[in-house]
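What follows is one structure encoded as structure tokens, with my remarks underneath.
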Amino acid sequence: MIASMRFFIIFLKITLTLTLSAMIVVTAAYLHFASSLPKLDSIASYRPPLASRVYNNNGKLLAEYADEHRLLVPLEDMPKHLKDAFITTEDEQFYKHPGFNPARILSAFYNNIKQGRVVQGASTITQQVVKNFLLSPERTWQRKVREIILSYRLEQTFSKNEILYLYLNQIYLGRGSHGVGSAAWRYYRKTVDELNLAESAMLAALPKAPSKYAPHLNPSLAKERRDIVLRRMLITQFSDKKSVEDALNTPLNIQPLPQNKLEDTYGHSVYQQLEKEFGKENLRRQGLTIITPYTIEAQQVARHALRKGVLNVEGRQFYRTPPHHEPEKWPALFASWKKARSTSSLASDGIFPGLIQRNEAKKLTVHDGIKTWQIKAPKWSWKKNKQHSTWLVGDEVLLRIDQAGKATISQTPSIESALFSIDLEKGTVLAEVGGFNYKFGRFNRVQQAKRQPGSSFKPFLYFTGMSQDLTPATIIMDTPLVFPGQNQGKTWTPKNYKNNFAGPVTIRNALEHSRNLVSIKILQDVGIDTFLNTLENFHFEHRFPRQLSLALGASEVSLEKLTESYTVLATLGQHWKPVRVQQVQDRKGHSLIRAVAGHRCQTCHINPVIGLNKHMLPAKQTVDAATAFVTVNMMKGVIQHGTGVRARALKRPAAGKTGTTNDQIDAWFMGFTPQVLTGVWVGKDQPSTLGRRETGGKAALPIWLETMQFLHKGKPVKDFKEPEGISWVLIDKKSGYRTRSASAGSFLEAFRSGTEPTRFKPRPVPSLESEGMEESTVSNSSSNSNNAVLNDEL
């Protein structure tokens with residue numbers, strides 16, 4: 001009895017000593033590690049990187065910019081089965097432990113020792129939050145101690161729901177998704193609240209090994225892991241039997257990743273503007289909500305029209321020597337083409353390879369790897385080549401599909417083009433196409449290519465003339481001119497197209513038919529300095545050279561700047577910057593940018609605009625509205641009777657101007673209605689001729705027309721609104737004189753009030769007859785007629 005008592009006392013002392021020692025060791029360890037632990041401030045002010053998202057005006061998601069794709073979701077917006085699935089899988093005792101689970105730690109320690117490797121984890125959800133936010137990923141016992149201490153502190157500072165919110169929004173779930181909001185979108189194209197039980201269980205199955213159980217990569221393994229989660233939810237009573245059974249029978253239904261719909265020229269311009277405004281890091285990490293007026297349909301039609309137009313111009317170029325393949329290489333070639341084309345359906349603006357298998361009786365048999373085509377040999381001029389002047393069996397060609405579904409021969413385009421379109425009513429960019437095969441971030445010919453605009457620059461000169469003492473009815477001689485050249489002994493002899501001269505013509509006629517010599521004489525009349533000063537009102541943001549050739553557009557501009565300058569004419573003197581980005585909000589919904597072009601109404605936005613900023617500046621009246629209207633009225637004649645007559649197919653009032661530079665190196669068409677303005681350039685990146693007949697009206701105008709026809713679908717037919725200060729006078733087309741009555745040779749012309757002509761066209765003088773009475777009558781008439789002419793001259 002005494003011995004037993006002594007043994008108990010000794011045992012108790014040893015136990016107390018060991019316990020006390022353990023407490024001292026634990027306390028010392030705690031004090032040691034606690035003194036260097038990170039603060040919880042970063043968690044308290046949780047602002048994780050978020051994806052910025054771009055929408056159009058209809059709320060359709062167009063693009064996302066992100067370094068870490070994360071969509072922050074409040075815990076209350078997450079369905080219960082999603083939270084339960086993660087708790088069941090990751091930390092069943094989450095709502096019961098103080099931040100760490102001692103029993104789970106001991107169990108994991110035992111099983112890992114037993115297996116000789118790590119087979120079980122012991123981290124709670126709280127510990128995972130600590131690890132992800134505050135500690136490095138290294139695997140050491142020291143880090144584990146810090147993790148446990150911090151987990152306990154975290155539980156003392158934050159509620160369980162706050163910790164769960166942090167966990168579910170921070171955790172990486174594969175496929176580039178951070179947090180459950182991102183994963184729901186990138187796996188299922190859904191918001192979190194739209195997830196069903198099976199989908200929630202699949203997401204909860206991913207934290208253990210996102211790559212291994214990735215459902216888009218390893219669907220069988222992923223389904224096994226998902227089903228384990230579902231059965232576990234039944235065992236732990238987080239879900240009922242029927243719901244689990246239904247979920248077990250649900251297929252994975254993984255969706256393809258959302259495609260960026262702003263991968264074109266327009267999209268790159270939007271990205272550049274945002275990057276300039278906010279910086280790359282903020283754009284890709286601050287969860288901005290961006291609204292753009294971009295419409296997929298308008299951009300697709302513009303791109304299609306441009307590509308088709310380029311291929312049409314290419315079809316009028318010299319044919320270049322094609323690659324040639326020996327018969328033994330054909331099977332491998334066909335196989336590669338078939339693999340590259342997942343479908344046999346082809347677009348009319350696309351080109352694809354084919355191989356000539358036979359050439360007989362002016363008919364080519366061409367195989368494209370999928371289908372054999374019988375093609376009538378085209379009448380194509382070959383580039384000078386002694387070795388190759390026709391198609392040979394084994395030649396690799398490019399094919400395109402015409403509107404009838406038949407294949408025709410084409411070739412890799414040597415031609416390029418650009419298109420820029422503006423909604424004049426809303427003040428927004430409608431379409432922007434930077435090249436035949438533009439790739440995101442590459443050379444944007446709308447903004448970066450600077451080329452001579454040729455005669456498409458003339459409306460600004462004619463506007464200058466109208467603002468001085470010239471009128472549409474002023475007569476100027478279209479006759480040759482010779483000027484001293486820059487080099488001694490050299491001369492500059494400007495010419496009209498086809499070197500034709502018309503003699504005395506009205507200024508309207510000169511603009512309609514793009515008469516170069518008249519344009520130079522107008523510039524001489526108004527003065528170069530006056531013209532240069534006027535150009536500043538059109539906001540080219542470029543100082544032009546002081547030379548007469550400026551009358552013919554012999555100075556380089558970009559399509560973007562030329563089109564934006566045309567808006568001043570099209571809107572009768574108002575200058576404003578067209579909008580690509582209408583609104584930007586931060587992650588809390590506060591507006592950072594609201595952009596409305598010019599004087600347009602604030603009701604274009606959902607919420608009223610609070611105040612003006614650089615994106616809300618009102619339009620400036622930079623030139624006289626009446627003078628602009630007179631110029632536009634003459635430009636309507638370019639389409640009705642002049643070099644832009646093909647645009648009449650638009651079948652609504654429109655004004656425009658063609659442009660073709662020397663040797664047909666650049667071809668332009670700039671045209672607009674009261675609703676839409678579109679500019680098109682066609683040329684080569686390395687300037688060289690497009691061909692003798694490739695004018696703006698032939699090469700560029702068809703692209704413009706197809707685009708404008710689509711952009712005006714559903715729009716009412718409108719004419720240009722007449723401003724104050726306009727007088728309409730019936731004049732003779734040839735002489736510019738007023739006429740007293742309408743006839744085949746007369747029409748109503750618009751003038752600035754006070755500049756209309758006062759002289760009337762002289763009445764024809766009848767020939768004298770031999771009879772006396774008739775002679776007396778004619779004599780009196782002749783006298784009266786002469787007096788009338790004299791009065792008109794006075």
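Chain labels follow the order of the structure tokens: the first chain is A, the next B, and so on; residue numbering restarts at 1 in every chain, and ligands are counted from 1 in their shown order.
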**Request:** Output as a ChimeraX atom specification all residues of segment 209-414 of chain A that backbone DSSP marks as helix (DSSP H, G or I).
**Result:** /A:219-235,241-248,265-278,280-285,296-314,327-340
Mind dumping a table of every segment 654-712 of chain A residue within 12 Å of segment 625-633 of chain A, with the nearest atom pair and its distance in Å to one decimal, using only C-alpha atoms, sorted by chain and rising number, as a Markdown table?
| residue | atom | partner | partner_atom | distance |
| --- | --- | --- | --- | --- |
| A:Ala654 | CA | A:Val632 | CA | 9.0 |
| A:Ala655 | CA | A:Val632 | CA | 6.2 |
| A:Gly656 | CA | A:Val632 | CA | 8.1 |
| A:Lys657 | CA | A:Val632 | CA | 10.1 |
| A:Gly671 | CA | A:Val632 | CA | 10.2 |
| A:Phe672 | CA | A:Val632 | CA | 9.6 |
| A:Thr673 | CA | A:Val632 | CA | 10.1 |
| A:Pro674 | CA | A:Val632 | CA | 10.5 |
For the residues in the current selection, export C-alpha atoms as a PDB file, in the first residue's frame.
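Listed below is the output, out_9.pdb:
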ATOM      1  CA  ALA A 654     -24.558  60.305 -99.302  1.00  0.00           C
ATOM      2  CA  ALA A 655     -21.481  62.445 -99.841  1.00  0.00           C
ATOM      3  CA  GLY A 656     -17.967  61.289-100.535  1.00  0.00           C
ATOM      4  CA  LYS A 657     -14.674  61.611-102.311  1.00  0.00           C
ATOM      5  CA  GLY A 671     -17.937  58.726 -97.713  1.00  0.00           C
ATOM      6  CA  PHE A 672     -20.770  59.423 -95.328  1.00  0.00           C
ATOM      7  CA  THR A 673     -24.479  59.765 -94.821  1.00  0.00           C
ATOM      8  CA  PRO A 674     -25.999  61.871 -92.015  1.00  0.00           C
TER       9      PRO A 674
END
**Request:** Compile the contact shell of segment 584-590 of chain A as an MDAnalysis selection string: residues with an atom at most 9 Å away, counting only C-alpha atoms, same-chain residues fewer than 2 positions apart removed.
**Result:** chainID A and resid 50 52 286:291 581:582 592:594
For the residues in that selection, give me C-alpha atoms as a PDB file, in the first residue's frame.
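Written output follows (selection00.pdb):
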ATOM      1  CA  LEU A  50      -9.496  40.499 -60.238  1.00  0.00           C
ATOM      2  CA  SER A  52     -11.337  43.125 -65.810  1.00  0.00           C
ATOM      3  CA  GLN A 286      -8.249  45.657 -60.613  1.00  0.00           C
ATOM      4  CA  GLY A 287     -11.485  44.064 -61.784  1.00  0.00           C
ATOM      5  CA  LEU A 288     -12.645  46.920 -64.003  1.00  0.00           C
ATOM      6  CA  THR A 289     -16.014  46.740 -65.738  1.00  0.00           C
ATOM      7  CA  ILE A 290     -15.739  48.235 -69.206  1.00  0.00           C
ATOM      8  CA  ILE A 291     -18.498  49.135 -71.678  1.00  0.00           C
ATOM      9  CA  VAL A 581     -14.752  53.092 -74.516  1.00  0.00           C
ATOM     10  CA  GLN A 582     -18.030  54.440 -73.136  1.00  0.00           C
ATOM     11  CA  LEU A 592     -13.953  56.040 -63.511  1.00  0.00           C
ATOM     12  CA  ILE A 593     -14.797  56.993 -67.108  1.00  0.00           C
ATOM     13  CA  ARG A 594     -18.013  58.048 -68.780  1.00  0.00           C
TER      14      ARG A 594
END
**Prompt:** Near segment 677-691 of chain A, within 7 Å and counting only C-alpha atoms, which residues show up once chain neighbours fewer than 4 positions away are dropped, as a ChimeraX atom specification?
**Reply:** /A:317,414-424,559,563,663-673,699-700,704
Using only N, CA and C atoms, please write the residues we just selected to a file, as an mmCIF file, in the first residue's frame.
data_model
loop_
_atom_site.group_PDB
_atom_site.id
_atom_site.type_symbol
_atom_site.label_atom_id
_atom_site.label_comp_id
_atom_site.auth_asym_id
_atom_site.auth_seq_id
_atom_site.Cartn_x
_atom_site.Cartn_y
_atom_site.Cartn_z
ATOM 1 N N GLN A 317 -4.118 41.623 -110.286
ATOM 2 C CA GLN A 317 -2.663 41.793 -110.293
ATOM 3 C C GLN A 317 -2.016 40.747 -111.197
ATOM 4 N N SER A 414 -0.903 40.452 -102.124
ATOM 5 C CA SER A 414 0.169 41.448 -102.009
ATOM 6 C C SER A 414 -0.436 42.799 -101.645
ATOM 7 N N ILE A 415 -1.790 42.852 -101.660
ATOM 8 C CA ILE A 415 -2.551 44.065 -101.394
ATOM 9 C C ILE A 415 -2.952 44.093 -99.925
ATOM 10 N N GLU A 416 -2.988 45.273 -99.356
ATOM 11 C CA GLU A 416 -3.504 45.450 -98.001
ATOM 12 C C GLU A 416 -4.598 46.520 -98.017
ATOM 13 N N SER A 417 -5.300 46.605 -96.916
ATOM 14 C CA SER A 417 -6.385 47.573 -96.841
ATOM 15 C C SER A 417 -6.672 47.894 -95.381
ATOM 16 N N ALA A 418 -7.402 48.966 -95.148
ATOM 17 C CA ALA A 418 -7.840 49.351 -93.809
ATOM 18 C C ALA A 418 -9.193 50.030 -93.928
ATOM 19 N N LEU A 419 -9.998 49.880 -92.871
ATOM 20 C CA LEU A 419 -11.345 50.458 -92.855
ATOM 21 C C LEU A 419 -11.620 51.033 -91.468
ATOM 22 N N PHE A 420 -12.252 52.209 -91.450
ATOM 23 C CA PHE A 420 -12.595 52.862 -90.186
ATOM 24 C C PHE A 420 -13.968 53.480 -90.338
ATOM 25 N N SER A 421 -14.876 53.139 -89.411
ATOM 26 C CA SER A 421 -16.264 53.579 -89.536
ATOM 27 C C SER A 421 -16.741 54.200 -88.225
ATOM 28 N N ILE A 422 -17.483 55.304 -88.328
ATOM 29 C CA ILE A 422 -17.936 56.070 -87.169
ATOM 30 C C ILE A 422 -19.442 56.277 -87.244
ATOM 31 N N ASP A 423 -20.118 56.063 -86.124
ATOM 32 C CA ASP A 423 -21.542 56.369 -86.009
ATOM 33 C C ASP A 423 -21.664 57.859 -85.710
ATOM 34 N N LEU A 424 -22.144 58.622 -86.689
ATOM 35 C CA LEU A 424 -22.211 60.073 -86.536
ATOM 36 C C LEU A 424 -23.314 60.516 -85.584
ATOM 37 N N LEU A 559 -5.408 56.750 -91.863
ATOM 38 C CA LEU A 559 -6.838 56.637 -92.150
ATOM 39 C C LEU A 559 -7.662 57.125 -90.963
ATOM 40 N N THR A 563 -10.312 60.158 -91.395
ATOM 41 C CA THR A 563 -11.735 59.905 -91.147
ATOM 42 C C THR A 563 -12.261 60.812 -90.046
ATOM 43 N N ASP A 663 0.517 57.035 -109.983
ATOM 44 C CA ASP A 663 0.800 55.651 -110.376
ATOM 45 C C ASP A 663 -0.099 54.656 -109.652
ATOM 46 N N GLN A 664 -1.245 55.114 -109.152
ATOM 47 C CA GLN A 664 -2.204 54.241 -108.470
ATOM 48 C C GLN A 664 -1.536 53.451 -107.332
ATOM 49 N N ILE A 665 -0.756 54.168 -106.527
ATOM 50 C CA ILE A 665 -0.094 53.522 -105.386
ATOM 51 C C ILE A 665 -1.057 53.394 -104.203
ATOM 52 N N ASP A 666 -1.877 54.405 -103.999
ATOM 53 C CA ASP A 666 -2.871 54.376 -102.915
ATOM 54 C C ASP A 666 -4.242 54.663 -103.495
ATOM 55 N N ALA A 667 -5.235 53.923 -103.024
ATOM 56 C CA ALA A 667 -6.618 54.132 -103.442
ATOM 57 C C ALA A 667 -7.471 54.342 -102.193
ATOM 58 N N TRP A 668 -8.316 55.382 -102.223
ATOM 59 C CA TRP A 668 -9.119 55.749 -101.062
ATOM 60 C C TRP A 668 -10.573 55.959 -101.476
ATOM 61 N N PHE A 669 -11.466 55.718 -100.529
ATOM 62 C CA PHE A 669 -12.806 56.277 -100.649
ATOM 63 C C PHE A 669 -13.272 56.669 -99.264
ATOM 64 N N MET A 670 -13.634 57.954 -99.158
ATOM 65 C CA MET A 670 -14.166 58.512 -97.924
ATOM 66 C C MET A 670 -15.597 58.937 -98.209
ATOM 67 N N GLY A 671 -16.547 58.388 -97.447
ATOM 68 C CA GLY A 671 -17.937 58.726 -97.713
ATOM 69 C C GLY A 671 -18.796 58.645 -96.480
ATOM 70 N N PHE A 672 -19.923 59.380 -96.503
ATOM 71 C CA PHE A 672 -20.770 59.423 -95.328
ATOM 72 C C PHE A 672 -22.204 59.774 -95.699
ATOM 73 N N THR A 673 -23.088 59.333 -94.829
ATOM 74 C CA THR A 673 -24.479 59.765 -94.821
ATOM 75 C C THR A 673 -24.646 60.625 -93.564
ATOM 76 N N ALA A 699 -11.095 50.303 -106.499
ATOM 77 C CA ALA A 699 -10.464 49.419 -105.519
ATOM 78 C C ALA A 699 -11.042 49.577 -104.115
ATOM 79 N N ALA A 700 -11.293 50.815 -103.684
ATOM 80 C CA ALA A 700 -11.709 51.057 -102.299
ATOM 81 C C ALA A 700 -13.229 51.171 -102.136
ATOM 82 N N TRP A 704 -16.216 49.953 -99.149
ATOM 83 C CA TRP A 704 -17.026 50.956 -98.464
ATOM 84 C C TRP A 704 -18.511 50.648 -98.635
#
**Item:** Pick from A:Asp395, A:Asp240, A:Glu328, A:Glu155 nearest to His97 of chain A, counting only C-alpha atoms
**Value:**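 Of the candidates, the smallest distance to His97 of chain A is held by A:Glu155.
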**Residues of segment 186-356 of chain A in strand (DSSP E), written as a list in words** =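 Going through segment 186-356 of chain A, the strand (DSSP E) residues come out as Thr289, Ile290, Ile291, Phe352, Pro353, Gly354, Leu355 and Ile356 of chain A.
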Generate the output file for the selected residues, N, CA, C and O atoms, as a CSV table (one decimal), in the first residue's frame.
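See out.csv below for the written result:
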chain,number,residue,atom,x,y,z
A,289,THR,N,-14.9,47.1,-64.9
A,289,THR,CA,-16.0,46.7,-65.7
A,289,THR,C,-16.0,47.8,-66.8
A,289,THR,O,-16.2,49.0,-66.6
A,290,ILE,N,-15.9,47.3,-68.1
A,290,ILE,CA,-15.7,48.2,-69.2
A,290,ILE,C,-16.9,48.1,-70.2
A,290,ILE,O,-17.2,46.9,-70.5
A,291,ILE,N,-17.4,49.2,-70.7
A,291,ILE,CA,-18.5,49.1,-71.7
A,291,ILE,C,-18.0,49.7,-73.0
A,291,ILE,O,-17.4,50.8,-73.0
A,352,PHE,N,-7.6,29.2,-99.5
A,352,PHE,CA,-7.1,27.9,-99.0
A,352,PHE,C,-6.3,27.2,-100.1
A,352,PHE,O,-6.6,27.5,-101.3
A,353,PRO,N,-5.4,26.4,-99.7
A,353,PRO,CA,-4.5,25.8,-100.8
A,353,PRO,C,-5.1,24.7,-101.6
A,353,PRO,O,-6.0,24.0,-101.1
A,354,GLY,N,-4.7,24.5,-102.8
A,354,GLY,CA,-5.1,23.4,-103.6
A,354,GLY,C,-3.9,23.1,-104.6
A,354,GLY,O,-3.0,23.9,-104.8
A,355,LEU,N,-4.0,21.9,-105.1
A,355,LEU,CA,-2.9,21.4,-106.0
A,355,LEU,C,-3.5,21.1,-107.4
A,355,LEU,O,-4.5,20.4,-107.5
A,356,ILE,N,-2.9,21.6,-108.4
A,356,ILE,CA,-3.4,21.3,-109.8
A,356,ILE,C,-3.0,19.9,-110.2
A,356,ILE,O,-1.8,19.5,-110.2
**Message:** Please compute the atom CA of Ile401 of chain A-atom CA of Leu311 of chain A distance, one decimal, in Å.
**Reply:**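 Here the two named atoms are 10.9 Å from each other.
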**Message:** Can you pull out the residues contacting segment 726-735 of chain A? Cut-off 7 Å, using only C-alpha atoms, and skip same-chain residues under 3 positions away; I want them as a list of chain:residue names.
**Reply:** A:Val505, A:Thr506, A:Ala626, A:Pro723, A:Arg738, A:Thr739, A:Gly745, A:Ser746, A:Phe747, A:Leu748, A:Glu749, A:Ala750, A:Phe751, A:Arg752, A:Ser753
Within 9 Å of segment 252-266 of chain A, counting only C-alpha atoms, which residues qualify if same-chain residues fewer than 3 places away don't, as a tab-separated table (two decimals) with N, CA, C and O atoms, in the first residue's frame?
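Once everything was written out, this is part.tsv:
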chain	number	residue	atom	x	y	z
A	54	VAL	N	-14.93	43.20	-70.29
A	54	VAL	CA	-15.42	44.15	-71.29
A	54	VAL	C	-16.76	43.66	-71.84
A	54	VAL	O	-16.88	42.50	-72.27
A	61	LEU	N	-20.69	39.74	-72.80
A	61	LEU	CA	-19.27	39.73	-72.44
A	61	LEU	C	-18.43	39.54	-73.71
A	61	LEU	O	-18.63	38.60	-74.47
A	62	LEU	N	-17.48	40.45	-73.91
A	62	LEU	CA	-16.65	40.41	-75.10
A	62	LEU	C	-15.23	39.92	-74.82
A	62	LEU	O	-14.64	39.20	-75.63
A	63	ALA	N	-14.67	40.32	-73.69
A	63	ALA	CA	-13.27	39.99	-73.42
A	63	ALA	C	-12.99	40.12	-71.93
A	63	ALA	O	-13.73	40.79	-71.19
A	64	GLU	N	-11.91	39.49	-71.50
A	64	GLU	CA	-11.44	39.59	-70.13
A	64	GLU	C	-9.93	39.81	-70.15
A	64	GLU	O	-9.23	39.21	-70.96
A	175	ARG	N	-7.17	25.40	-64.71
A	175	ARG	CA	-7.64	26.05	-65.94
A	175	ARG	C	-7.53	27.57	-65.85
A	175	ARG	O	-8.33	28.30	-66.44
A	185	TRP	N	-17.19	30.04	-64.10
A	185	TRP	CA	-17.24	30.62	-65.44
A	185	TRP	C	-16.37	29.86	-66.43
A	185	TRP	O	-16.80	29.58	-67.55
A	186	ARG	N	-15.17	29.50	-66.03
A	186	ARG	CA	-14.21	28.91	-66.97
A	186	ARG	C	-14.44	27.42	-67.22
A	186	ARG	O	-13.98	26.88	-68.22
A	187	TYR	N	-15.15	26.74	-66.31
A	187	TYR	CA	-15.50	25.34	-66.55
A	187	TYR	C	-16.91	25.17	-67.10
A	187	TYR	O	-17.15	24.30	-67.94
A	188	TYR	N	-17.84	26.00	-66.64
A	188	TYR	CA	-19.25	25.78	-66.98
A	188	TYR	C	-19.92	26.96	-67.67
A	188	TYR	O	-21.09	26.86	-68.04
A	189	ARG	N	-19.20	28.08	-67.84
A	189	ARG	CA	-19.79	29.28	-68.44
A	189	ARG	C	-21.02	29.72	-67.64
A	189	ARG	O	-22.05	30.10	-68.21
A	198	ALA	N	-23.88	18.69	-58.83
A	198	ALA	CA	-22.81	17.95	-59.51
A	198	ALA	C	-21.65	18.88	-59.87
A	198	ALA	O	-20.47	18.51	-59.71
A	199	GLU	N	-21.96	20.06	-60.34
A	199	GLU	CA	-20.91	21.02	-60.71
A	199	GLU	C	-20.17	21.54	-59.49
A	199	GLU	O	-18.94	21.69	-59.52
A	202	MET	N	-17.76	18.92	-58.40
A	202	MET	CA	-16.60	18.86	-59.28
A	202	MET	C	-15.58	19.93	-58.91
A	202	MET	O	-14.37	19.68	-58.89
A	215	PRO	N	-11.21	18.27	-65.32
A	215	PRO	CA	-12.25	17.56	-66.09
A	215	PRO	C	-12.13	17.73	-67.60
A	215	PRO	O	-12.62	16.89	-68.35
A	216	HIS	N	-11.50	18.81	-68.04
A	216	HIS	CA	-11.34	19.00	-69.48
A	216	HIS	C	-10.15	18.22	-70.04
A	216	HIS	O	-10.04	18.05	-71.25
A	219	PRO	N	-11.26	13.48	-68.04
A	219	PRO	CA	-12.67	13.41	-67.62
A	219	PRO	C	-13.01	12.18	-66.77
A	219	PRO	O	-13.80	12.30	-65.82
A	222	ALA	N	-11.55	12.67	-63.33
A	222	ALA	CA	-12.27	13.79	-62.70
A	222	ALA	C	-13.64	13.35	-62.20
A	222	ALA	O	-14.06	13.72	-61.10
A	223	LYS	N	-14.33	12.55	-63.00
A	223	LYS	CA	-15.66	12.07	-62.58
A	223	LYS	C	-15.56	11.17	-61.36
A	223	LYS	O	-16.39	11.23	-60.45
A	269	SER	N	-7.40	48.39	-80.19
A	269	SER	CA	-7.49	49.83	-79.94
A	269	SER	C	-8.13	50.10	-78.57
A	269	SER	O	-7.71	50.99	-77.84
A	270	VAL	N	-9.15	49.31	-78.23
A	270	VAL	CA	-9.78	49.43	-76.91
A	270	VAL	C	-8.76	49.12	-75.82
A	270	VAL	O	-8.62	49.84	-74.83
A	271	TYR	N	-8.00	48.03	-76.00
A	271	TYR	CA	-7.01	47.62	-75.00
A	271	TYR	C	-5.93	48.69	-74.84
A	271	TYR	O	-5.54	49.03	-73.72
A	294	TYR	N	-18.70	48.40	-79.28
A	294	TYR	CA	-18.34	47.34	-80.25
A	294	TYR	C	-19.53	46.41	-80.50
A	294	TYR	O	-20.17	45.94	-79.57
A	296	ILE	N	-20.28	42.82	-82.66
A	296	ILE	CA	-19.62	41.73	-83.38
A	296	ILE	C	-20.04	41.72	-84.84
A	296	ILE	O	-19.21	41.54	-85.74
A	299	GLN	N	-18.42	44.51	-87.02
A	299	GLN	CA	-17.00	44.24	-87.22
A	299	GLN	C	-16.79	43.09	-88.20
A	299	GLN	O	-15.91	43.13	-89.06
A	429	VAL	N	-17.25	54.61	-82.41
A	429	VAL	CA	-16.59	53.87	-83.48
A	429	VAL	C	-17.43	52.62	-83.76
A	429	VAL	O	-17.74	51.84	-82.85
A	430	LEU	N	-17.79	52.44	-85.02
A	430	LEU	CA	-18.61	51.29	-85.42
A	430	LEU	C	-17.76	50.09	-85.83
A	430	LEU	O	-18.08	48.96	-85.48
A	431	ALA	N	-16.71	50.33	-86.58
A	431	ALA	CA	-15.88	49.23	-87.07
A	431	ALA	C	-14.47	49.74	-87.32
A	431	ALA	O	-14.27	50.91	-87.69
A	432	GLU	N	-13.50	48.86	-87.14
A	432	GLU	CA	-12.10	49.20	-87.37
A	432	GLU	C	-11.38	47.93	-87.81
A	432	GLU	O	-11.31	46.96	-87.04
A	433	VAL	N	-10.90	47.92	-89.03
A	433	VAL	CA	-10.21	46.74	-89.57
A	433	VAL	C	-8.83	47.19	-90.04
A	433	VAL	O	-8.72	48.02	-90.93
A	434	GLY	N	-7.80	46.61	-89.44
A	434	GLY	CA	-6.43	47.09	-89.68
A	434	GLY	C	-5.66	46.35	-90.73
A	434	GLY	O	-4.48	46.63	-90.93
A	435	GLY	N	-6.29	45.40	-91.44
A	435	GLY	CA	-5.56	44.69	-92.48
A	435	GLY	C	-6.29	43.44	-92.90
A	435	GLY	O	-7.29	43.02	-92.29
A	438	TYR	N	-5.31	40.73	-90.00
A	438	TYR	CA	-4.78	41.40	-88.81
A	438	TYR	C	-4.75	40.47	-87.61
A	438	TYR	O	-5.69	39.73	-87.34
A	439	LYS	N	-3.64	40.48	-86.88
A	439	LYS	CA	-3.48	39.75	-85.63
A	439	LYS	C	-3.33	40.75	-84.50
A	439	LYS	O	-2.69	41.79	-84.66
A	440	PHE	N	-3.88	40.41	-83.34
A	440	PHE	CA	-3.89	41.31	-82.18
A	440	PHE	C	-2.48	41.78	-81.85
A	440	PHE	O	-1.57	40.99	-81.68
A	441	GLY	N	-2.34	43.09	-81.77
A	441	GLY	CA	-1.06	43.67	-81.40
A	441	GLY	C	-0.11	43.91	-82.55
A	441	GLY	O	0.97	44.46	-82.36
A	442	ARG	N	-0.51	43.51	-83.75
A	442	ARG	CA	0.35	43.71	-84.91
A	442	ARG	C	0.14	45.11	-85.50
A	442	ARG	O	-0.50	45.96	-84.92
A	444	ASN	N	-1.29	48.06	-87.17
A	444	ASN	CA	-2.66	48.52	-87.38
A	444	ASN	C	-2.65	49.62	-88.43
A	444	ASN	O	-2.28	50.75	-88.17
A	446	VAL	N	-5.03	51.22	-89.74
A	446	VAL	CA	-5.95	52.33	-89.50
A	446	VAL	C	-5.22	53.47	-88.80
A	446	VAL	O	-5.38	54.64	-89.17
A	580	ARG	N	-14.56	54.82	-78.30
A	580	ARG	CA	-14.42	53.36	-78.30
A	580	ARG	C	-14.73	52.77	-76.93
A	580	ARG	O	-15.14	51.62	-76.83
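Of the listed residues A:Asn437, A:Thr89, A:Ser743, A:Ser159, the one whose atoms come nearest to Thr412 of chain A is A:Asn437, with distances taken using only C-alpha atoms.
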**Fill in**
Judged by only C-alpha atoms, the minimum distance to Ala570 of chain A among A:Glu556, A:Glu162, A:Glu694, A:Glu425 is found for A:Glu425
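Proximity ranking of A:Lys521, A:Pro378, A:Lys490, A:Gln448 relative to Ile475 of chain A places A:Lys521 first, based on only C-alpha atoms.
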**Val180 of chain A surroundings by only C-alpha atoms, 8 Å radius, close-in-sequence under 5 positions cut, as a ChimeraX atom specification** = /A:71,73,168-169,171,173,192,203
**Request:** Using atom CA of Val717 of chain A and atom CA of Thr571 of chain A as the two end points, give the distance in Å to one decimal.
**Result:** 16.5 Å
